[in-house]
There are 2 protein chains.
Amino acid sequence: MDDVRIIEVKQSVFEDNNKDAQLLRESLKAENTFLLNLMSSPGSGKTTTLLKLVGYLKDKVRMAVMEADIDSSIDAQAIQNAGIKAIQIHTGGMCHLDADMTRQGLRELGTDDVDLVILENVGNLVCPAEFDTGAIKNMTILSVPEGDDKPLKYPLMYETCDLLVVNKIDVMEYFDFDKEKVIANAKMRNPDIDIIFISAKTGEGIEKVAEWILKQVEDWNK
Amino acid sequence: MDDVRIIEVKQSVFEDNNKDAQLLRESLKAENTFLLNLMSSPGSGKTTTLLKLVGYLKDKVRMAVMEADIDSSIDAQAIQNAGIKAIQIHTGGMCHLDADMTRQGLRELGTDDVDLVILENVGNLVCPAEFDTGAIKNMTILSVPEGDDKPLKYPLMYETCDLLVVNKIDVMEYFDFDKEKVIANAKMRNPDIDIIFISAKTGEGIEKVAEWILKQVEDWNK
């Protein structure tokens, strides 16, 4: 099995990240590559969800994954073992990716043969929400054990995201987690947010997330 | 019931946070105030653990709590309702507290009648580990649903902490979490780290954490 490639990205030299993110989006549009930015707390199940999504999506769309981490490359290796192109981005201690760091990753990944790139951002509910990566859509995962109050405490994450995936619903009965409350809290931050409940462990709801992603890719290519 | 006080702190003007943190520690030493910095991911149970600790500690030591959050004041209100002095620190979007922000909080809190201050840092495994708050000791909570691999992915948090509290052990059987593995992973990052397993929900292990804290306060005042 091949070792996964590890890219050490450098912090952007651009002062205006928002402008740079817009430029990246325009160049992605020109080459018909869809970039999805996946964010969440540490341990909410980003990689497990991605692995299940890869299983569903890899025969329907030409896809690749960029895994961002402060250290380690276990996530990208797992994705590569699942049979799709993946690279590991090391942020050198940085708590988020900006647009230029994302561009460095895309360049190393190579996107000529890819229609969908999923970027797994650093596990952090604060900083990644502040930096536009240039992604076309943003998605966040909240796991049941974290609690239904997270949209109240990390407002920008929910304002920024197009899709909220609530993961680990298989353990809902063991936690004090209210489905209606999390919907109300998320919609308060962002009335337009889509919400899908899943269990990455059992696979429940994964198909809905995959279909949501395929719909976004289709709309982007129209 | 009184509304909790909310302090909007400003980012430090000091260039050298490490030096500033050292100065804060010296002034805390001079007035016999022990500061404990509590860090973790969002949703790992910092506030629930704190509430249980307050129940155990409040008759044994004169204590107060500073709750740092980007937004909202529900945590500080809950602590104040438990019968001890608490303030809410709003970081204005910042992902961590530095030593001067901590000092601003302590000043507003008032420490003349307090021997132990617990600071609940912003829920984030990355940035808070990079900024010395001036605390005497650092403690992190990892909850079982987050997974036993977190010390591999967020090395600095574990290198920085004196105590790792593993929370939510009451749901251990529903998750793929290996006690021995988390101990090995944490010790790999920091051979001197103390580790205590608890359930803030059932109260199991809380007494051990409280006794650990009392021992640190005692040693500091020697």
# chains A, B, ... in the order shown; residues from 1 in each chain; ligands from 1
$ interface_residues --of "chain A" --to "chain B" --cutoff "10 Å" --atoms "only C-alpha atoms" --output "ChimeraX atom specification"
/A:40-45,69-75,93-96,122-127,130,142-150,152-156,168,170-171,174-175,201
$ select_by_dssp --residues "region 3-204 of chain B" --states "helix (DSSP H, G or I)" --output "MDAnalysis selection string"
chainID B and resid 17:30 46:57 74:81 99:109 127:130 144:146 150:153 155:160 169:174 179:189
$ select_by_dssp --residues "region 1-218 of chain B" --states "strand (DSSP E or B)" --output "ChimeraX atom specification"
/B:5-8,34-40,63-69,85-90,116-120,137-143,163-167,194-197
